[in-house]
file protein.txt (compact mmCIF, C-alpha atoms and all ligand atoms)
# COMPACT_ATOMS: atom_id res chain seq x y z
CA MET Z 1 2.63 1.73 6.19
CA THR Z 2 5.34 -0.55 7.62
CA VAL Z 3 8.51 0.74 9.33
CA PHE Z 4 10.42 -0.52 6.27
CA SER Z 5 8.28 1.48 3.83
CA ALA Z 6 8.34 4.65 5.93
CA THR Z 7 12.16 4.43 6.25
CA VAL Z 8 12.68 3.89 2.51
CA HIS Z 9 10.22 6.72 1.70
CA ALA Z 10 12.27 9.05 3.92
CA ALA Z 11 15.66 7.84 2.64
CA THR Z 12 14.76 8.27 -1.03
CA ARG Z 13 14.20 12.00 -0.40
CA VAL Z 14 17.86 12.45 0.68
CA PRO Z 15 19.81 13.98 -2.27
CA ALA Z 16 22.82 11.64 -1.85
CA VAL Z 17 20.50 8.60 -1.99
CA ARG Z 18 18.85 10.04 -5.08
CA ARG Z 19 22.28 10.36 -6.76
CA LEU Z 20 23.20 6.77 -5.85
CA VAL Z 21 19.88 5.34 -7.07
CA THR Z 22 20.08 7.33 -10.31
CA ALA Z 23 23.65 6.06 -10.85
CA ALA Z 24 22.53 2.46 -10.38
CA ALA Z 25 19.55 2.95 -12.65
CA GLY Z 26 21.34 2.12 -15.87
CA ARG Z 27 21.75 -1.38 -14.57
CA GLY Z 28 18.37 -2.85 -15.22
CA LEU Z 29 16.05 -2.45 -12.25
CA VAL Z 30 14.45 0.79 -13.45
CA GLU Z 31 13.78 -0.82 -16.84
CA ARG Z 32 11.82 -3.52 -15.04
CA PHE Z 33 9.28 -0.95 -13.79
CA VAL Z 34 9.45 1.84 -16.41
CA ALA Z 35 8.80 1.35 -20.15
CA GLY Z 36 11.60 3.59 -21.42
CA GLU Z 37 11.67 7.36 -21.84
CA SER Z 38 9.99 7.92 -25.23
CA THR Z 39 6.49 7.71 -26.71
CA ASP Z 40 7.76 4.98 -29.05
CA SER Z 41 9.11 2.83 -26.22
CA ALA Z 42 5.83 3.22 -24.30
CA LEU Z 43 3.75 2.21 -27.32
CA ALA Z 44 6.08 -0.73 -27.99
CA ALA Z 45 5.42 -1.92 -24.41
CA VAL Z 46 1.66 -1.67 -25.00
CA ARG Z 47 1.99 -3.75 -28.20
CA THR Z 48 3.84 -6.45 -26.22
CA LEU Z 49 1.10 -6.46 -23.56
CA ALA Z 50 -1.63 -6.55 -26.21
CA ALA Z 51 -0.03 -9.60 -27.86
CA ASP Z 52 -1.13 -11.74 -24.92
CA GLY Z 53 -4.43 -10.02 -24.27
CA ARG Z 54 -3.39 -7.43 -21.67
CA LEU Z 55 -4.77 -3.86 -21.76
CA ALA Z 56 -2.75 -0.80 -20.72
CA THR Z 57 -3.02 2.56 -19.03
CA LEU Z 58 -0.09 4.80 -19.93
CA ASP Z 59 1.39 7.29 -17.48
CA HIS Z 60 3.80 10.00 -18.64
CA LEU Z 61 5.96 10.26 -15.51
CA GLY Z 62 6.26 13.54 -13.64
CA GLU Z 63 4.79 15.15 -10.54
CA HIS Z 64 4.95 18.39 -8.54
CA VAL Z 65 5.53 20.51 -11.64
CA THR Z 66 5.07 24.28 -11.34
CA ASP Z 67 6.96 25.60 -14.39
CA PRO Z 68 4.39 26.41 -17.13
CA ALA Z 69 6.84 25.31 -19.85
CA ARG Z 70 7.12 21.86 -18.26
CA VAL Z 71 3.34 21.65 -17.89
CA ALA Z 72 2.99 22.45 -21.61
CA ALA Z 73 5.60 19.78 -22.44
CA THR Z 74 3.66 17.21 -20.40
CA VAL Z 75 0.41 18.04 -22.20
CA ARG Z 76 2.24 17.75 -25.55
CA ALA Z 77 3.64 14.37 -24.52
CA TYR Z 78 0.11 13.09 -23.77
CA LEU Z 79 -1.24 14.48 -27.05
CA ASP Z 80 1.60 12.77 -28.99
CA LEU Z 81 0.94 9.55 -27.15
CA LEU Z 82 -2.79 9.65 -27.80
CA ALA Z 83 -2.18 10.44 -31.48
CA GLY Z 84 -0.12 7.23 -31.67
CA VAL Z 85 -2.43 4.91 -29.72
CA GLY Z 86 -4.54 3.97 -32.76
CA ASP Z 87 -6.23 0.61 -32.21
CA LEU Z 88 -4.09 -0.35 -29.24
CA PRO Z 89 -6.11 -1.24 -26.11
CA ALA Z 90 -4.82 1.67 -24.00
CA GLU Z 91 -6.15 4.50 -21.90
CA VAL Z 92 -3.97 7.05 -20.06
CA SER Z 93 -3.34 7.87 -16.41
CA VAL Z 94 -2.51 11.41 -15.34
CA LYS Z 95 -1.21 12.94 -12.10
CA LEU Z 96 -2.70 16.39 -11.54
CA SER Z 97 0.46 17.65 -9.85
CA ALA Z 98 2.24 17.18 -13.22
CA LEU Z 99 -0.12 19.80 -14.65
CA GLY Z 100 0.76 22.77 -12.47
CA PRO Z 101 -1.04 24.55 -9.61
CA ARG Z 102 -4.33 24.94 -11.58
CA PRO Z 103 -4.49 21.67 -13.50
CA PHE Z 104 -8.08 21.70 -14.80
CA ASP Z 105 -7.52 23.20 -18.28
CA ALA Z 106 -4.53 20.99 -19.03
CA ALA Z 107 -6.39 17.92 -17.76
CA ALA Z 108 -9.41 18.81 -19.90
CA GLU Z 109 -7.15 19.13 -22.97
CA ILE Z 110 -5.78 15.63 -22.34
CA CYS Z 111 -9.32 14.27 -21.79
CA ALA Z 112 -10.46 15.81 -25.10
CA ALA Z 113 -7.52 14.21 -26.94
CA ALA Z 114 -8.31 10.86 -25.30
CA ASP Z 115 -11.94 11.21 -26.33
CA ARG Z 116 -10.92 11.89 -29.97
CA ALA Z 117 -8.70 8.78 -29.81
CA GLY Z 118 -11.69 6.72 -28.62
CA THR Z 119 -10.29 6.17 -25.15
CA THR Z 120 -10.29 7.82 -21.73
CA VAL Z 121 -8.25 9.12 -18.79
CA THR Z 122 -7.91 7.99 -15.18
CA VAL Z 123 -6.73 10.66 -12.75
CA ASP Z 124 -4.19 9.16 -10.32
CA MET Z 125 -4.47 9.92 -6.61
CA GLU Z 126 -1.46 11.47 -4.88
CA ASP Z 127 -0.84 12.14 -1.16
CA SER Z 128 -3.75 12.71 1.23
CA SER Z 129 -3.52 16.52 1.10
CA THR Z 130 -4.64 16.37 -2.55
CA VAL Z 131 -7.68 14.08 -2.29
CA ASP Z 132 -10.45 16.70 -2.06
CA ASP Z 133 -9.02 18.84 -4.88
CA THR Z 134 -8.39 15.81 -7.09
CA LEU Z 135 -11.93 14.45 -6.67
CA ALA Z 136 -13.31 17.93 -7.35
CA VAL Z 137 -11.35 18.15 -10.64
CA VAL Z 138 -12.50 14.64 -11.61
CA GLY Z 139 -16.09 15.72 -10.94
CA ARG Z 140 -15.73 18.76 -13.22
CA LEU Z 141 -14.01 16.72 -15.96
CA ARG Z 142 -16.85 14.18 -15.85
CA GLU Z 143 -19.39 16.88 -16.74
CA GLU Z 144 -17.92 16.76 -20.25
CA PHE Z 145 -16.13 13.39 -20.22
CA PRO Z 146 -18.23 11.00 -18.10
CA ARG Z 147 -15.82 8.07 -18.53
CA VAL Z 148 -12.95 9.81 -16.69
CA GLY Z 149 -11.74 7.51 -13.90
CA ALA Z 150 -11.06 8.40 -10.26
CA VAL Z 151 -8.60 6.65 -7.93
CA VAL Z 152 -9.25 5.99 -4.23
CA GLN Z 153 -6.77 4.73 -1.64
CA ALA Z 154 -8.06 2.08 0.79
CA ALA Z 155 -5.47 3.05 3.41
CA LEU Z 156 -7.25 6.36 4.11
CA HIS Z 157 -10.06 6.28 6.70
CA ARG Z 158 -12.23 8.49 4.47
CA THR Z 159 -12.19 6.13 1.51
CA GLU Z 160 -15.20 3.91 2.33
CA ALA Z 161 -17.36 7.05 2.21
CA ASP Z 162 -15.68 8.12 -1.06
CA CYS Z 163 -16.44 4.66 -2.50
CA ARG Z 164 -20.12 5.04 -1.62
CA ALA Z 165 -20.19 8.41 -3.39
CA LEU Z 166 -18.34 7.13 -6.47
CA ALA Z 167 -19.71 3.58 -6.84
CA GLY Z 168 -21.71 4.44 -9.95
CA SER Z 169 -18.63 5.48 -11.93
CA ARG Z 170 -15.21 4.31 -13.13
CA VAL Z 171 -13.11 3.98 -9.99
CA ARG Z 172 -9.68 2.45 -9.48
CA LEU Z 173 -9.24 1.10 -5.96
CA VAL Z 174 -5.63 0.88 -4.69
CA LYS Z 175 -4.08 0.42 -1.23
CA GLY Z 176 -2.23 3.76 -1.39
CA ALA Z 177 1.47 4.36 -2.06
CA TYR Z 178 2.15 7.36 0.20
CA ALA Z 179 3.33 7.47 3.83
CA GLU Z 180 0.35 8.90 5.77
CA PRO Z 181 -0.14 9.58 9.52
CA ALA Z 182 -2.17 7.27 11.78
CA ALA Z 183 -4.78 9.98 12.38
CA ILE Z 184 -6.03 9.65 8.81
CA ALA Z 185 -4.75 6.29 7.52
CA HIS Z 186 -4.58 2.63 8.52
CA GLN Z 187 -0.98 1.74 9.27
CA HIS Z 188 -0.76 -2.05 9.50
CA PRO Z 189 -0.84 -4.05 6.24
CA SER Z 190 -3.63 -6.30 7.60
CA GLU Z 191 -5.78 -3.23 8.41
CA VAL Z 192 -5.18 -1.84 4.93
CA ARG Z 193 -6.15 -5.17 3.38
CA ALA Z 194 -9.35 -5.33 5.46
CA ALA Z 195 -10.23 -1.74 4.48
CA TYR Z 196 -9.56 -2.61 0.82
CA ALA Z 197 -11.95 -5.57 1.10
CA ARG Z 198 -14.69 -3.32 2.53
CA CYS Z 199 -14.18 -0.78 -0.27
CA LEU Z 200 -14.26 -3.59 -2.82
CA ASP Z 201 -17.61 -4.79 -1.42
CA ILE Z 202 -19.03 -1.28 -1.95
CA LEU Z 203 -17.66 -0.79 -5.48
CA MET Z 204 -18.53 -4.29 -6.69
CA ALA Z 205 -22.13 -3.84 -5.48
CA GLY Z 206 -22.41 -0.57 -7.42
CA SER Z 207 -23.41 0.13 -10.99
CA GLY Z 208 -20.06 1.63 -12.04
CA HIS Z 209 -16.88 0.13 -13.48
CA PRO Z 210 -14.54 -0.92 -10.64
CA MET Z 211 -10.84 -1.10 -11.52
CA ILE Z 212 -9.14 -3.31 -8.97
CA GLY Z 213 -5.55 -2.08 -8.72
CA THR Z 214 -3.68 -4.59 -6.59
CA HIS Z 215 -1.19 -7.46 -6.79
CA ASP Z 216 -2.50 -8.96 -3.58
CA PRO Z 217 -3.63 -12.54 -4.34
CA ARG Z 218 -6.29 -12.61 -1.58
CA LEU Z 219 -7.92 -9.40 -2.81
CA ILE Z 220 -7.85 -10.53 -6.44
CA GLN Z 221 -9.49 -13.78 -5.39
CA ARG Z 222 -12.15 -11.80 -3.52
CA ALA Z 223 -12.77 -9.59 -6.56
CA LEU Z 224 -13.32 -12.62 -8.77
CA GLY Z 225 -15.77 -14.11 -6.26
CA TYR Z 226 -18.55 -11.52 -6.70
CA GLY Z 227 -19.69 -13.14 -9.93
CA ARG Z 228 -19.80 -9.90 -11.92
CA ALA Z 229 -19.72 -10.20 -15.73
CA ALA Z 230 -16.14 -9.99 -17.03
CA ASP Z 231 -16.75 -6.79 -19.01
CA THR Z 232 -18.13 -4.82 -16.02
CA PHE Z 233 -14.88 -4.54 -14.05
CA GLU Z 234 -11.16 -4.92 -14.54
CA LEU Z 235 -8.07 -6.06 -12.68
CA GLN Z 236 -5.06 -3.74 -12.82
CA MET Z 237 -1.38 -4.27 -11.97
CA LEU Z 238 1.83 -2.30 -12.40
CA TYR Z 239 4.23 -2.83 -15.31
CA GLY Z 240 6.88 -5.35 -14.25
CA VAL Z 241 5.06 -6.64 -11.15
CA ARG Z 242 3.66 -10.24 -11.05
CA VAL Z 243 3.90 -10.49 -14.83
CA ASP Z 244 3.15 -14.24 -14.95
CA GLU Z 245 -0.03 -13.60 -12.94
CA GLN Z 246 -1.01 -10.78 -15.31
CA ARG Z 247 -0.71 -13.20 -18.24
CA ARG Z 248 -2.55 -15.97 -16.42
CA LEU Z 249 -5.50 -13.72 -15.51
CA ALA Z 250 -5.73 -12.34 -19.07
CA ALA Z 251 -5.62 -15.86 -20.51
CA ALA Z 252 -8.43 -16.87 -18.11
CA GLY Z 253 -10.66 -14.24 -19.75
CA HIS Z 254 -10.43 -11.41 -17.21
CA ARG Z 255 -9.91 -7.80 -18.25
CA MET Z 256 -6.33 -7.26 -17.08
CA ARG Z 257 -4.96 -3.74 -17.47
CA VAL Z 258 -1.30 -2.89 -16.85
CA TYR Z 259 -0.21 0.55 -15.63
CA VAL Z 260 2.69 1.49 -17.93
CA PRO Z 261 4.80 4.44 -16.73
CA TYR Z 262 7.33 5.97 -19.10
CA GLY Z 263 9.42 9.13 -19.41
CA ALA Z 264 12.60 10.67 -18.04
CA ASP Z 265 11.16 11.76 -14.69
CA TRP Z 266 11.04 8.27 -13.19
CA TYR Z 267 12.70 8.77 -9.79
CA ALA Z 268 9.67 9.40 -7.49
CA TYR Z 269 7.66 6.56 -9.06
CA PHE Z 270 10.61 4.19 -8.78
CA ALA Z 271 11.25 5.20 -5.14
CA ARG Z 272 7.65 4.24 -4.26
CA ARG Z 273 8.16 0.81 -5.84
CA LEU Z 274 11.33 0.32 -3.74
CA ALA Z 275 9.46 1.28 -0.56
CA GLU Z 276 6.77 -1.31 -1.28
CA ARG Z 277 8.99 -4.31 -1.29
CA PRO Z 278 12.26 -5.18 0.51
CA ALA Z 279 13.29 -7.50 -2.36
CA ASN Z 280 13.33 -4.60 -4.84
CA LEU Z 281 15.66 -2.64 -2.57
CA GLY Z 282 17.85 -5.76 -2.33
CA PHE Z 283 18.17 -5.90 -6.16
CA LEU Z 284 19.18 -2.24 -6.20
CA LEU Z 285 21.77 -2.63 -3.43
CA ARG Z 286 23.30 -5.65 -5.18
CA SER Z 287 23.62 -3.69 -8.43
CA LEU Z 288 25.34 -0.85 -6.52
CA VAL Z 289 27.78 -3.24 -4.86
CA LYS Z 290 28.66 -4.89 -8.21
CA GLY Z 291 29.60 -1.38 -9.36
P1 LIG O 1 0.99 -5.32 -1.53
O1 LIG O 1 0.58 -5.91 -0.22
O2 LIG O 1 1.97 -4.19 -1.51
O3 LIG O 1 1.55 -6.44 -2.48
C1 LIG O 1 1.00 -7.72 -2.64
C2 LIG O 1 2.03 -8.58 -3.39
O4 LIG O 1 2.26 -8.02 -4.69
C3 LIG O 1 3.41 -8.60 -2.76
O5 LIG O 1 3.53 -9.59 -1.80
C4 LIG O 1 4.30 -8.84 -3.97
O6 LIG O 1 4.27 -10.19 -4.32
C5 LIG O 1 3.63 -8.06 -5.06
N1 LIG O 1 4.15 -6.68 -5.17
C6 LIG O 1 3.54 -5.56 -4.73
N2 LIG O 1 4.28 -4.46 -5.02
C7 LIG O 1 5.38 -4.91 -5.63
C8 LIG O 1 6.52 -4.26 -6.17
N3 LIG O 1 6.69 -2.93 -6.12
N4 LIG O 1 7.48 -5.02 -6.74
C9 LIG O 1 7.34 -6.36 -6.81
N5 LIG O 1 6.28 -7.03 -6.30
C10 LIG O 1 5.32 -6.33 -5.73
N6 LIG O 1 -1.17 4.30 -5.49
C11 LIG O 1 -1.57 5.56 -5.22
O7 LIG O 1 -1.38 6.03 -4.10
N7 LIG O 1 -2.19 6.32 -6.20
C12 LIG O 1 -2.46 5.84 -7.45
O8 LIG O 1 -3.02 6.56 -8.28
C13 LIG O 1 -2.06 4.50 -7.73
N8 LIG O 1 -2.31 3.95 -8.95
C14 LIG O 1 -2.05 2.61 -9.12
C15 LIG O 1 -2.46 1.99 -10.30
C16 LIG O 1 -2.34 0.62 -10.43
C17 LIG O 1 -2.83 -0.03 -11.69
C18 LIG O 1 -1.78 -0.16 -9.38
C19 LIG O 1 -1.67 -1.65 -9.48
C20 LIG O 1 -1.32 0.45 -8.23
C21 LIG O 1 -1.44 1.83 -8.08
N9 LIG O 1 -1.01 2.46 -6.93
C22 LIG O 1 -1.40 3.75 -6.70
C23 LIG O 1 -0.10 1.77 -5.97
C24 LIG O 1 -0.83 1.11 -4.82
O9 LIG O 1 -1.36 2.10 -3.95
C25 LIG O 1 0.11 0.20 -4.02
O10 LIG O 1 1.16 0.98 -3.51
C26 LIG O 1 0.70 -0.96 -4.82
O11 LIG O 1 -0.21 -1.47 -5.74
C27 LIG O 1 1.12 -2.10 -3.88
O12 LIG O 1 0.01 -2.59 -3.18
P2 LIG O 1 -0.70 -4.00 -3.49
O13 LIG O 1 -2.16 -3.79 -3.41
O14 LIG O 1 -0.20 -4.56 -4.75
O15 LIG O 1 -0.36 -4.91 -2.23

call {"tool": "encode", "arguments": {"input": "protein.txt", "output": "structure tokens", "more": "lines below"}}
Ligand code: FAD
result
Amino acid sequence: MTVFSATVHAATRVPAVRRLVTAAAGRGLVERFVAGESTDSALAAVRTLAADGRLATLDHLGEHVTDPARVAATVRAYLDLLAGVGDLPAEVSVKLSALGPRPFDAAAEICAAADRAGTTVTVDMEDSSTVDDTLAVVGRLREEFPRVGAVVQAALHRTEADCRALAGSRVRLVKGAYAEPAAIAHQHPSEVRAAYARCLDILMAGSGHPMIGTHDPRLIQRALGYGRAADTFELQMLYGVRVDEQRRLAAAGHRMRVYVPYGADWYAYFARRLAERPANLGFLLRSLVKG
């Protein structure tokens, strides 16, 4: 985690900053990263991706939800979405913290709906305090739905061991989007990249289905160098990030899946995208100044 990222992470939690960012949101930058607020707008985005051979994983935005009514609304949103997916090449991604303090039953309901729709679920990974519980829920879900995907974050020191344990299954490898302390996580971008490469070596040597979630050209190049058959792994990127590269990789015959977030609760997701890249914060500041 760079000083820039840590500072932006902290600033975006300040209520006045949240109000400013939300005010600027109507001006285009949020739409670059978030596929609208409704099921229809999310499915329209998937159709656009599918037109040039890109796959999707759809995320109904929301996290840290405790109100049972909001949990029920989130489950309904996923069920609606999955009822509309039809033949589109889409799976869904779910954050357990959107499903309340005991998320298993709600997650299982979403997995069952995905199964009926002929697709599956990947369970996102949130901050480091949640890793053990999240992997435990994924393990229980897999007893009934073996295709459920896990996510591991290369930045965490523990993750090489997690990769060894999970290498026979569907696993999305990412760098990690949360600010974590040095005692448990690599801090410098070059250390995170090296850790990612080591995790990639483990997953790509395994019998599972690695999902390589990164925009980092060197890591994508490395992933393509293992010589695995195209249908045994996939590359994944975020909606609105390196779109030309997404199209190029899909056109070259690689499985390229795009993470498509949608919904009204976009702030925390958007704040993480700002923290990742100074240029994104620059766009936002310019739109604020233009008023
Ligand atoms: P970076 O070094 O950050 O980026 C490499 C290059 O990509 C940059 O130089 C830039 O050109 C481009 N780029 C990267 N980010 C941006 C951006 N925001 N805007 C514009 N350009 C950019 N994290 C979690 O902690 N848990 C999850 O469950 C999770 N799921 C994810 C799912 C997918 C499909 C992807 C792609 C990422 C996910 N992430 C998740 C986020 C991830 O942890 C990183 O924060 C994010 O992908 C940026 O890291 P990077 O590997 O792309 O490398």

call {"tool": "closest_residue", "arguments": {"input": "protein.txt", "among": "Z:Leu274, Z:Ser41, Z:Ala229, Z:His188", "to": "Gly253 of chain Z", "atoms": "all atoms listed in the file"}}
result
Z:Ala229

call {"tool": "atom_distance", "arguments": {"input": "protein.txt", "atom1": "atom CA of Ala271 of chain Z", "atom2": "atom CA of Ser129 of chain Z"}}
result
19.6 Å

call {"tool": "closest_residue", "arguments": {"input": "protein.txt", "among": "Z:Gly282, Z:Gly28, Z:Gly208, Z:Pro217", "to": "Cys163 of chain Z", "atoms": "all atoms listed in the file"}}
result
Z:Gly208

call {"tool": "residues_near_ligand", "arguments": {"input": "protein.txt", "ligand": "ligand LIG 1 (chain O)", "cutoff": "6 Å", "atoms": "all atoms listed in the file", "output": "list in words"}}
result
Asp124, Met125, Glu126, Val151, Val174, Lys175, Gly176, Ala177, Tyr178, Gly213, Thr214, His215, Asp216, Gln236, Met237, Leu238, Val241, Tyr259, Arg273, Glu276 and Arg277 of chain Z

call {"tool": "atom_distance", "arguments": {"input": "protein.txt", "atom1": "atom CA of Glu191 of chain Z", "atom2": "atom CA of Ala205 of chain Z"}}
result
21.5 Å

call {"tool": "closest_residue", "arguments": {"input": "protein.txt", "among": "Z:Thr74, Z:Thr39, Z:Val85, Z:Ala113", "to": "Gly100 of chain Z", "atoms": "only C-alpha atoms"}}
result
Z:Thr74

call {"tool": "atom_distance", "arguments": {"input": "protein.txt", "atom1": "atom CA of Leu135 of chain Z", "atom2": "atom CA of Arg222 of chain Z"}}
result
26.4 Å

call {"tool": "build_atoms", "arguments": {"input": "protein.txt", "residues": "segment 156-184 of chain Z", "atoms": "N, CA and C atoms", "output": "compact mmCIF listing (two decimals), in the coordinates of the input"}}
result
# COMPACT_ATOMS: atom_id res chain seq x y z
N LEU Z 156 -6.69 5.17 3.45
CA LEU Z 156 -7.25 6.36 4.11
C LEU Z 156 -8.59 6.04 4.77
N HIS Z 157 -8.80 6.55 5.99
CA HIS Z 157 -10.06 6.28 6.70
C HIS Z 157 -11.26 6.80 5.91
N ARG Z 158 -11.10 7.87 5.16
CA ARG Z 158 -12.23 8.49 4.47
C ARG Z 158 -12.74 7.67 3.28
N THR Z 159 -11.96 6.68 2.85
CA THR Z 159 -12.19 6.13 1.51
C THR Z 159 -13.47 5.30 1.38
N GLU Z 160 -13.93 4.64 2.47
CA GLU Z 160 -15.20 3.91 2.33
C GLU Z 160 -16.33 4.87 1.94
N ALA Z 161 -16.32 6.06 2.56
CA ALA Z 161 -17.36 7.05 2.21
C ALA Z 161 -17.18 7.51 0.77
N ASP Z 162 -15.92 7.72 0.34
CA ASP Z 162 -15.68 8.12 -1.06
C ASP Z 162 -16.18 7.03 -2.01
N CYS Z 163 -15.97 5.77 -1.63
CA CYS Z 163 -16.44 4.66 -2.50
C CYS Z 163 -17.96 4.70 -2.65
N ARG Z 164 -18.65 4.98 -1.53
CA ARG Z 164 -20.12 5.04 -1.62
C ARG Z 164 -20.54 6.14 -2.59
N ALA Z 165 -19.83 7.27 -2.53
CA ALA Z 165 -20.19 8.41 -3.39
C ALA Z 165 -19.85 8.14 -4.86
N LEU Z 166 -18.85 7.29 -5.10
CA LEU Z 166 -18.34 7.13 -6.47
C LEU Z 166 -18.75 5.79 -7.11
N ALA Z 167 -19.50 4.97 -6.39
CA ALA Z 167 -19.71 3.58 -6.84
C ALA Z 167 -20.46 3.43 -8.16
N GLY Z 168 -21.04 4.53 -8.66
CA GLY Z 168 -21.71 4.44 -9.95
C GLY Z 168 -20.81 4.82 -11.12
N SER Z 169 -19.52 4.96 -10.87
CA SER Z 169 -18.63 5.48 -11.93
C SER Z 169 -17.38 4.60 -12.09
N ARG Z 170 -16.48 5.05 -12.96
CA ARG Z 170 -15.21 4.31 -13.13
C ARG Z 170 -14.28 4.69 -11.99
N VAL Z 171 -13.95 3.71 -11.16
CA VAL Z 171 -13.11 3.98 -9.99
C VAL Z 171 -12.02 2.92 -9.87
N ARG Z 172 -10.78 3.38 -9.77
CA ARG Z 172 -9.68 2.45 -9.48
C ARG Z 172 -9.44 2.44 -7.97
N LEU Z 173 -9.50 1.25 -7.40
CA LEU Z 173 -9.24 1.10 -5.96
C LEU Z 173 -7.81 0.58 -5.77
N VAL Z 174 -7.00 1.33 -5.00
CA VAL Z 174 -5.63 0.88 -4.69
C VAL Z 174 -5.44 0.94 -3.17
N LYS Z 175 -4.34 0.34 -2.68
CA LYS Z 175 -4.08 0.42 -1.23
C LYS Z 175 -3.60 1.82 -0.86
N GLY Z 176 -2.80 2.44 -1.71
CA GLY Z 176 -2.23 3.76 -1.39
C GLY Z 176 -0.72 3.65 -1.25
N ALA Z 177 0.01 4.49 -1.99
CA ALA Z 177 1.47 4.36 -2.06
C ALA Z 177 2.21 5.41 -1.25
N TYR Z 178 1.50 6.24 -0.49
CA TYR Z 178 2.15 7.36 0.20
C TYR Z 178 2.17 7.11 1.70
N ALA Z 179 3.24 7.59 2.37
CA ALA Z 179 3.33 7.47 3.83
C ALA Z 179 2.37 8.48 4.44
N GLU Z 180 1.37 8.00 5.20
CA GLU Z 180 0.35 8.90 5.77
C GLU Z 180 0.27 8.68 7.28
N PRO Z 181 -0.09 9.72 8.05
CA PRO Z 181 -0.14 9.58 9.52
C PRO Z 181 -1.31 8.73 9.99
N ALA Z 182 -1.14 8.17 11.22
CA ALA Z 182 -2.17 7.27 11.78
C ALA Z 182 -3.51 7.97 11.98
N ALA Z 183 -3.51 9.27 12.15
CA ALA Z 183 -4.78 9.98 12.38
C ALA Z 183 -5.72 9.86 11.17
N ILE Z 184 -5.16 9.68 9.99
CA ILE Z 184 -6.03 9.65 8.81
C ILE Z 184 -5.93 8.35 8.00
